[in-house]
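What's in input24.txt: compact mmCIF, N, CA and C atoms
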```txt
# COMPACT_ATOMS: atom_id res chain seq x y z
N MET A 90 34.32 205.94 -93.07
CA MET A 90 35.12 205.47 -91.98
C MET A 90 34.55 206.05 -90.69
N THR A 91 34.44 205.22 -89.67
CA THR A 91 33.87 205.68 -88.42
C THR A 91 34.98 206.19 -87.50
N LYS A 92 34.60 207.18 -86.77
CA LYS A 92 35.56 207.78 -85.84
C LYS A 92 35.36 207.15 -84.45
N ILE A 93 36.46 206.73 -83.84
CA ILE A 93 36.40 206.11 -82.51
C ILE A 93 36.53 207.21 -81.47
N SER A 94 35.57 207.24 -80.62
CA SER A 94 35.56 208.25 -79.56
C SER A 94 36.10 207.64 -78.27
N ARG A 95 37.06 208.32 -77.67
CA ARG A 95 37.65 207.82 -76.42
C ARG A 95 37.33 208.78 -75.28
N ARG A 96 36.07 208.89 -75.01
CA ARG A 96 35.64 209.75 -73.91
C ARG A 96 35.57 208.95 -72.63
N MET A 97 35.90 209.60 -71.56
CA MET A 97 35.77 208.96 -70.25
C MET A 97 34.35 209.16 -69.76
N ARG A 98 33.89 208.23 -69.04
CA ARG A 98 32.56 208.36 -68.45
C ARG A 98 32.61 209.43 -67.39
N THR A 99 31.58 210.22 -67.35
CA THR A 99 31.55 211.31 -66.38
C THR A 99 31.05 210.87 -65.01
N ASN A 100 30.43 209.72 -64.94
CA ASN A 100 29.89 209.28 -63.66
C ASN A 100 30.86 208.44 -62.84
N THR A 101 32.02 208.10 -63.39
CA THR A 101 32.99 207.33 -62.63
C THR A 101 33.99 208.28 -61.98
N GLN A 102 34.31 207.98 -60.76
CA GLN A 102 35.28 208.78 -60.02
C GLN A 102 36.41 207.88 -59.56
N PRO A 103 37.60 208.44 -59.45
CA PRO A 103 38.70 207.60 -58.95
C PRO A 103 38.43 207.20 -57.51
N PRO A 104 39.00 206.08 -57.07
CA PRO A 104 38.77 205.65 -55.69
C PRO A 104 39.26 206.69 -54.71
N LYS A 105 38.46 206.92 -53.71
CA LYS A 105 38.78 207.93 -52.71
C LYS A 105 39.76 207.35 -51.70
N SER A 106 40.90 208.00 -51.55
CA SER A 106 41.90 207.52 -50.62
C SER A 106 41.93 208.42 -49.39
N SER A 107 42.22 207.81 -48.27
CA SER A 107 42.31 208.56 -47.03
C SER A 107 43.58 209.37 -47.03
N GLY A 108 43.60 210.42 -46.25
CA GLY A 108 44.78 211.24 -46.13
C GLY A 108 45.87 210.50 -45.36
N THR A 109 47.07 210.99 -45.51
CA THR A 109 48.21 210.36 -44.86
C THR A 109 48.09 210.43 -43.34
N ALA A 110 47.61 211.55 -42.82
CA ALA A 110 47.47 211.70 -41.37
C ALA A 110 46.45 210.71 -40.82
N VAL A 111 45.38 210.48 -41.54
CA VAL A 111 44.36 209.53 -41.10
C VAL A 111 44.93 208.11 -41.09
N LEU A 112 45.72 207.78 -42.11
CA LEU A 112 46.33 206.45 -42.16
C LEU A 112 47.35 206.25 -41.04
N ILE A 113 48.11 207.29 -40.72
CA ILE A 113 49.06 207.21 -39.62
C ILE A 113 48.31 207.01 -38.31
N PHE A 114 47.21 207.74 -38.13
CA PHE A 114 46.40 207.59 -36.91
C PHE A 114 45.84 206.18 -36.81
N LYS A 115 45.35 205.63 -37.92
CA LYS A 115 44.84 204.26 -37.93
C LYS A 115 45.93 203.26 -37.59
N GLY A 116 47.13 203.49 -38.10
CA GLY A 116 48.24 202.60 -37.81
C GLY A 116 48.64 202.62 -36.34
N VAL A 117 48.65 203.82 -35.74
CA VAL A 117 49.00 203.93 -34.31
C VAL A 117 47.92 203.27 -33.47
N ILE A 118 46.66 203.48 -33.81
CA ILE A 118 45.57 202.85 -33.06
C ILE A 118 45.64 201.33 -33.20
N THR A 119 45.95 200.84 -34.38
CA THR A 119 46.09 199.40 -34.57
C THR A 119 47.25 198.85 -33.73
N SER A 120 48.35 199.57 -33.69
CA SER A 120 49.50 199.15 -32.89
C SER A 120 49.16 199.10 -31.41
N VAL A 121 48.47 200.11 -30.93
CA VAL A 121 48.08 200.14 -29.52
C VAL A 121 47.11 199.00 -29.22
N ALA A 122 46.19 198.73 -30.12
CA ALA A 122 45.22 197.65 -29.90
C ALA A 122 45.92 196.29 -29.85
N VAL A 123 46.88 196.07 -30.72
CA VAL A 123 47.63 194.81 -30.71
C VAL A 123 48.42 194.69 -29.41
N SER A 124 49.02 195.78 -28.96
CA SER A 124 49.78 195.76 -27.71
C SER A 124 48.88 195.45 -26.52
N ILE A 125 47.74 196.08 -26.47
CA ILE A 125 46.81 195.83 -25.36
C ILE A 125 46.35 194.38 -25.35
N PHE A 126 46.04 193.84 -26.53
CA PHE A 126 45.62 192.45 -26.62
C PHE A 126 46.73 191.51 -26.12
N CYS A 127 47.96 191.75 -26.57
CA CYS A 127 49.07 190.89 -26.15
C CYS A 127 49.36 191.02 -24.66
N ILE A 128 49.28 192.24 -24.13
CA ILE A 128 49.53 192.45 -22.71
C ILE A 128 48.46 191.74 -21.87
N LEU A 129 47.21 191.83 -22.28
CA LEU A 129 46.14 191.13 -21.56
C LEU A 129 46.32 189.62 -21.63
N PHE A 130 46.75 189.13 -22.77
CA PHE A 130 47.01 187.70 -22.92
C PHE A 130 48.15 187.26 -22.01
N LEU A 131 49.23 188.02 -21.97
CA LEU A 131 50.35 187.70 -21.08
C LEU A 131 49.96 187.78 -19.61
N ALA A 132 49.13 188.76 -19.27
CA ALA A 132 48.67 188.87 -17.88
C ALA A 132 47.82 187.68 -17.50
N LEU A 133 46.97 187.23 -18.39
CA LEU A 133 46.14 186.06 -18.13
C LEU A 133 46.99 184.81 -17.95
N ILE A 134 48.00 184.65 -18.79
CA ILE A 134 48.88 183.49 -18.67
C ILE A 134 49.66 183.53 -17.36
N SER A 135 50.19 184.70 -17.02
CA SER A 135 51.00 184.78 -15.80
C SER A 135 50.15 184.64 -14.53
N LEU A 136 48.88 185.01 -14.60
CA LEU A 136 48.01 184.84 -13.43
C LEU A 136 47.54 183.40 -13.25
N THR A 137 47.34 182.69 -14.35
CA THR A 137 46.79 181.35 -14.25
C THR A 137 47.85 180.26 -14.13
N SER A 138 49.09 180.57 -14.41
CA SER A 138 50.12 179.54 -14.33
C SER A 138 51.23 179.97 -13.38
N ASP A 139 52.00 179.02 -12.95
CA ASP A 139 53.13 179.28 -12.08
C ASP A 139 54.43 179.17 -12.88
N ASN A 140 54.41 179.69 -14.05
CA ASN A 140 55.55 179.58 -14.93
C ASN A 140 56.56 180.69 -14.63
N THR A 141 57.75 180.33 -14.23
CA THR A 141 58.78 181.33 -13.94
C THR A 141 59.46 181.83 -15.20
N PHE A 142 59.24 181.12 -16.31
CA PHE A 142 59.82 181.54 -17.58
C PHE A 142 59.33 182.93 -17.99
N ILE A 143 58.05 183.16 -17.84
CA ILE A 143 57.46 184.45 -18.24
C ILE A 143 57.99 185.56 -17.35
N GLU A 144 58.08 185.32 -16.07
CA GLU A 144 58.55 186.35 -15.16
C GLU A 144 60.02 186.67 -15.38
N ALA A 145 60.82 185.66 -15.71
CA ALA A 145 62.25 185.87 -15.91
C ALA A 145 62.55 186.65 -17.19
N TYR A 146 61.74 186.44 -18.21
CA TYR A 146 62.00 187.06 -19.50
C TYR A 146 60.95 188.11 -19.89
N MET A 147 60.26 188.68 -18.93
CA MET A 147 59.19 189.63 -19.22
C MET A 147 59.70 190.86 -19.98
N GLN A 148 60.88 191.34 -19.64
CA GLN A 148 61.42 192.51 -20.32
C GLN A 148 61.62 192.25 -21.81
N TYR A 149 62.14 191.09 -22.14
CA TYR A 149 62.38 190.75 -23.54
C TYR A 149 61.06 190.46 -24.28
N ILE A 150 60.13 189.86 -23.57
CA ILE A 150 58.82 189.60 -24.17
C ILE A 150 58.12 190.91 -24.50
N MET A 151 58.22 191.90 -23.63
CA MET A 151 57.57 193.19 -23.88
C MET A 151 58.23 193.94 -25.04
N VAL A 152 59.53 193.80 -25.22
CA VAL A 152 60.20 194.40 -26.38
C VAL A 152 59.68 193.73 -27.65
N GLY A 153 59.52 192.42 -27.62
CA GLY A 153 58.97 191.72 -28.77
C GLY A 153 57.53 192.12 -29.08
N VAL A 154 56.74 192.29 -28.04
CA VAL A 154 55.35 192.74 -28.23
C VAL A 154 55.32 194.13 -28.83
N THR A 155 56.18 195.01 -28.35
CA THR A 155 56.23 196.38 -28.86
C THR A 155 56.63 196.41 -30.33
N LEU A 156 57.67 195.70 -30.68
CA LEU A 156 58.13 195.70 -32.07
C LEU A 156 57.13 195.03 -32.99
N THR A 157 56.50 193.97 -32.52
CA THR A 157 55.49 193.29 -33.33
C THR A 157 54.27 194.18 -33.56
N SER A 158 53.85 194.90 -32.54
CA SER A 158 52.68 195.76 -32.71
C SER A 158 52.99 196.95 -33.62
N ILE A 159 54.19 197.50 -33.55
CA ILE A 159 54.57 198.57 -34.48
C ILE A 159 54.60 198.03 -35.90
N PHE A 160 55.14 196.84 -36.08
CA PHE A 160 55.19 196.22 -37.41
C PHE A 160 53.80 196.02 -37.98
N ILE A 161 52.89 195.48 -37.18
CA ILE A 161 51.53 195.21 -37.66
C ILE A 161 50.80 196.51 -37.98
N GLY A 162 50.92 197.52 -37.11
CA GLY A 162 50.26 198.80 -37.37
C GLY A 162 50.79 199.48 -38.62
N SER A 163 52.10 199.41 -38.84
CA SER A 163 52.69 200.02 -40.04
C SER A 163 52.29 199.28 -41.29
N ALA A 164 52.28 197.96 -41.23
CA ALA A 164 51.88 197.18 -42.40
C ALA A 164 50.41 197.43 -42.75
N TYR A 165 49.57 197.55 -41.72
CA TYR A 165 48.15 197.81 -41.96
C TYR A 165 47.94 199.17 -42.63
N ALA A 166 48.60 200.19 -42.12
CA ALA A 166 48.41 201.54 -42.66
C ALA A 166 48.97 201.67 -44.07
N THR A 167 50.13 201.10 -44.32
CA THR A 167 50.71 201.24 -45.66
C THR A 167 50.05 200.33 -46.68
N GLN A 168 49.41 199.27 -46.21
CA GLN A 168 48.65 198.44 -47.14
C GLN A 168 47.48 199.22 -47.70
N GLN A 169 46.87 200.04 -46.87
CA GLN A 169 45.77 200.87 -47.34
C GLN A 169 46.27 202.03 -48.20
N ALA A 170 47.45 202.56 -47.90
CA ALA A 170 47.97 203.71 -48.63
C ALA A 170 48.54 203.30 -49.99
N GLN A 171 49.18 202.15 -50.06
CA GLN A 171 49.84 201.66 -51.26
C GLN A 171 50.95 202.59 -51.76
N ALA A 172 51.44 203.45 -50.90
CA ALA A 172 52.53 204.36 -51.26
C ALA A 172 53.16 204.89 -49.98
N MET A 173 54.34 205.44 -50.10
CA MET A 173 55.05 206.07 -48.99
C MET A 173 55.17 205.14 -47.78
N GLY A 174 55.49 203.89 -48.02
CA GLY A 174 55.54 202.91 -46.96
C GLY A 174 56.59 203.20 -45.91
N LEU A 175 57.76 203.63 -46.36
CA LEU A 175 58.84 203.91 -45.43
C LEU A 175 58.52 205.09 -44.53
N ILE A 176 57.98 206.14 -45.10
CA ILE A 176 57.67 207.36 -44.33
C ILE A 176 56.53 207.10 -43.35
N ILE A 177 55.47 206.47 -43.81
CA ILE A 177 54.32 206.20 -42.94
C ILE A 177 54.73 205.23 -41.83
N GLY A 178 55.47 204.19 -42.16
CA GLY A 178 55.89 203.21 -41.16
C GLY A 178 56.79 203.81 -40.10
N MET A 179 57.76 204.63 -40.52
CA MET A 179 58.66 205.24 -39.56
C MET A 179 57.93 206.25 -38.67
N THR A 180 56.97 206.96 -39.23
CA THR A 180 56.19 207.90 -38.44
C THR A 180 55.35 207.18 -37.40
N ILE A 181 54.76 206.07 -37.78
CA ILE A 181 53.98 205.28 -36.82
C ILE A 181 54.89 204.77 -35.71
N GLY A 182 56.09 204.32 -36.06
CA GLY A 182 57.03 203.85 -35.05
C GLY A 182 57.43 204.93 -34.07
N ILE A 183 57.70 206.13 -34.57
CA ILE A 183 58.10 207.24 -33.68
C ILE A 183 56.94 207.64 -32.77
N ILE A 184 55.74 207.77 -33.33
CA ILE A 184 54.60 208.19 -32.51
C ILE A 184 54.29 207.14 -31.45
N TYR A 185 54.34 205.87 -31.82
CA TYR A 185 54.06 204.80 -30.85
C TYR A 185 55.07 204.83 -29.71
N VAL A 186 56.35 204.98 -30.04
CA VAL A 186 57.38 205.01 -29.00
C VAL A 186 57.20 206.21 -28.09
N LEU A 187 56.90 207.38 -28.66
CA LEU A 187 56.71 208.57 -27.83
C LEU A 187 55.50 208.44 -26.91
N VAL A 188 54.42 207.87 -27.42
CA VAL A 188 53.23 207.64 -26.58
C VAL A 188 53.55 206.63 -25.49
N SER A 189 54.25 205.57 -25.86
CA SER A 189 54.62 204.53 -24.89
C SER A 189 55.53 205.09 -23.80
N LEU A 190 56.49 205.89 -24.19
CA LEU A 190 57.40 206.49 -23.20
C LEU A 190 56.67 207.46 -22.27
N SER A 191 55.76 208.25 -22.83
CA SER A 191 55.04 209.21 -21.99
C SER A 191 54.13 208.49 -20.99
N ILE A 192 53.49 207.40 -21.42
CA ILE A 192 52.66 206.63 -20.49
C ILE A 192 53.54 205.98 -19.42
N GLY A 193 54.69 205.45 -19.81
CA GLY A 193 55.59 204.83 -18.85
C GLY A 193 56.14 205.81 -17.83
N ILE A 194 56.44 207.03 -18.26
CA ILE A 194 56.94 208.06 -17.34
C ILE A 194 55.85 208.45 -16.35
N GLU A 195 54.61 208.57 -16.83
CA GLU A 195 53.51 208.94 -15.94
C GLU A 195 53.22 207.85 -14.92
N LEU A 196 53.33 206.59 -15.30
CA LEU A 196 53.03 205.50 -14.38
C LEU A 196 54.15 205.24 -13.38
N ASN A 197 55.40 205.37 -13.81
CA ASN A 197 56.52 205.03 -12.94
C ASN A 197 57.14 206.23 -12.22
N ASN A 198 56.90 207.43 -12.69
CA ASN A 198 57.49 208.64 -12.14
C ASN A 198 59.02 208.55 -12.08
N GLU A 199 59.61 207.98 -13.11
CA GLU A 199 61.06 207.86 -13.19
C GLU A 199 61.56 208.66 -14.38
N THR A 200 62.82 209.05 -14.30
CA THR A 200 63.43 209.74 -15.42
C THR A 200 64.10 208.71 -16.33
N LEU A 201 64.20 209.04 -17.58
CA LEU A 201 64.82 208.14 -18.55
C LEU A 201 66.14 208.74 -19.02
N SER A 202 67.08 207.87 -19.30
CA SER A 202 68.34 208.35 -19.85
C SER A 202 68.19 208.52 -21.36
N ILE A 203 69.07 209.30 -21.93
CA ILE A 203 69.01 209.57 -23.36
C ILE A 203 69.30 208.30 -24.16
N PHE A 204 70.09 207.38 -23.60
CA PHE A 204 70.41 206.14 -24.30
C PHE A 204 69.21 205.22 -24.38
N VAL A 205 68.40 205.18 -23.35
CA VAL A 205 67.19 204.35 -23.36
C VAL A 205 66.20 204.88 -24.39
N VAL A 206 66.03 206.19 -24.42
CA VAL A 206 65.11 206.81 -25.37
C VAL A 206 65.61 206.60 -26.80
N ALA A 207 66.92 206.79 -27.02
CA ALA A 207 67.48 206.60 -28.36
C ALA A 207 67.34 205.15 -28.81
N ASN A 208 67.56 204.21 -27.90
CA ASN A 208 67.44 202.79 -28.23
C ASN A 208 66.01 202.45 -28.63
N LYS A 209 65.04 202.95 -27.88
CA LYS A 209 63.64 202.67 -28.19
C LYS A 209 63.22 203.34 -29.50
N LEU A 210 63.71 204.56 -29.75
CA LEU A 210 63.37 205.24 -31.00
C LEU A 210 63.95 204.52 -32.21
N VAL A 211 65.18 204.06 -32.11
CA VAL A 211 65.79 203.34 -33.23
C VAL A 211 65.06 202.02 -33.48
N ALA A 212 64.72 201.31 -32.43
CA ALA A 212 63.97 200.05 -32.60
C ALA A 212 62.59 200.32 -33.20
N GLY A 213 61.92 201.38 -32.74
CA GLY A 213 60.61 201.73 -33.30
C GLY A 213 60.70 202.14 -34.75
N LEU A 214 61.74 202.91 -35.09
CA LEU A 214 61.95 203.30 -36.49
C LEU A 214 62.19 202.08 -37.37
N ALA A 215 63.00 201.16 -36.90
CA ALA A 215 63.31 199.97 -37.69
C ALA A 215 62.08 199.09 -37.89
N ALA A 216 61.32 198.86 -36.82
CA ALA A 216 60.11 198.04 -36.94
C ALA A 216 59.08 198.72 -37.83
N GLY A 217 58.93 200.04 -37.69
CA GLY A 217 57.99 200.77 -38.53
C GLY A 217 58.39 200.77 -39.99
N ALA A 218 59.68 200.94 -40.26
CA ALA A 218 60.15 200.95 -41.64
C ALA A 218 59.95 199.58 -42.29
N LEU A 219 60.27 198.52 -41.54
CA LEU A 219 60.08 197.17 -42.08
C LEU A 219 58.60 196.87 -42.32
N GLY A 220 57.75 197.27 -41.37
CA GLY A 220 56.31 197.07 -41.56
C GLY A 220 55.77 197.88 -42.73
N GLY A 221 56.29 199.09 -42.89
CA GLY A 221 55.85 199.93 -44.00
C GLY A 221 56.25 199.34 -45.35
N LEU A 222 57.46 198.81 -45.43
CA LEU A 222 57.91 198.21 -46.69
C LEU A 222 57.14 196.93 -47.00
N VAL A 223 56.84 196.16 -45.99
CA VAL A 223 56.07 194.92 -46.21
C VAL A 223 54.62 195.27 -46.56
N GLY A 224 54.05 196.28 -45.90
CA GLY A 224 52.66 196.65 -46.15
C GLY A 224 52.40 197.16 -47.54
N VAL A 225 53.34 197.88 -48.11
CA VAL A 225 53.18 198.39 -49.48
C VAL A 225 53.15 197.23 -50.47
N ASN A 226 53.92 196.20 -50.19
CA ASN A 226 54.01 195.08 -51.13
C ASN A 226 52.97 193.99 -50.91
N LEU A 227 52.06 194.17 -49.96
CA LEU A 227 51.00 193.17 -49.77
C LEU A 227 49.88 193.38 -50.74
```

Turn the structure described in the file into structure tokens.
Amino acid sequence: MTKISRRMRTNTQPPKSSGTAVLIFKGVITSVAVSIFCILFLALISLTSDNTFIEAYMQYIMVGVTLTSIFIGSAYATQQAQAMGLIIGMTIGIIYVLVSLSIGIELNNETLSIFVVANKLVAGLAAGALGGLVGVNL
């Protein structure tokens, strides 16, 4: 009777995965890149057309751009991680909102109320969590 040997090959290695911090950084960079692209596109549209629709609803459009970019960055990072989607997504949302708020404070030299900051953090957390959950399942 022959004996079946179940040895693993020594030359194969498990796939190398990036660290969580690197994936979070990639997600934030992806979110910022999507935001910059959308902002440039909106600026081009508003400069070339006389559409009052964009000017009237710019605040709401920018909230949509922010939430969409957080969602895309979180989905991208958690798709690569294939785990911890909720944690990675929420972290990306918080970091993006904090970076966005700090840039806005530097440009406008205005103070923010605690309600505005809390509202933006909750929206960023929600978009990041949703993107993280969708990214894990892609």

Between CA of Ser138 in chain A and CA of Ile159 in chain A, what is the spacing in Å? 28.1 Å

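Among the candidate residues A:Leu133, A:Leu112, A:Thr141, A:Ile128, the one lying nearest to Val154 in chain A is A:Ile128, with distances computed using all atoms listed in the file.
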
Who sits within 6 Å of range 211-221 of chain A, all atoms listed in the file, same chain under 5 positions skipped, as a ChimeraX atom specification: /A:156,159-161,163-164,167,174-175,177-179,181-183,206

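With atom C of Thr109 in chain A on one side and atom C of Lys209 in chain A on the other, the separation reads 21.7 Å.
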
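Going from atom C of Leu222 in chain A over to atom C of Leu131 in chain A, you cover 29.8 Å.
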
If DSSP is run on the backbone, what residues of chain A are alpha helix (DSSP H)? A reply as a ChimeraX atom specification would be ideal. /A:109-137,141-145,147-170,174-197,203-225
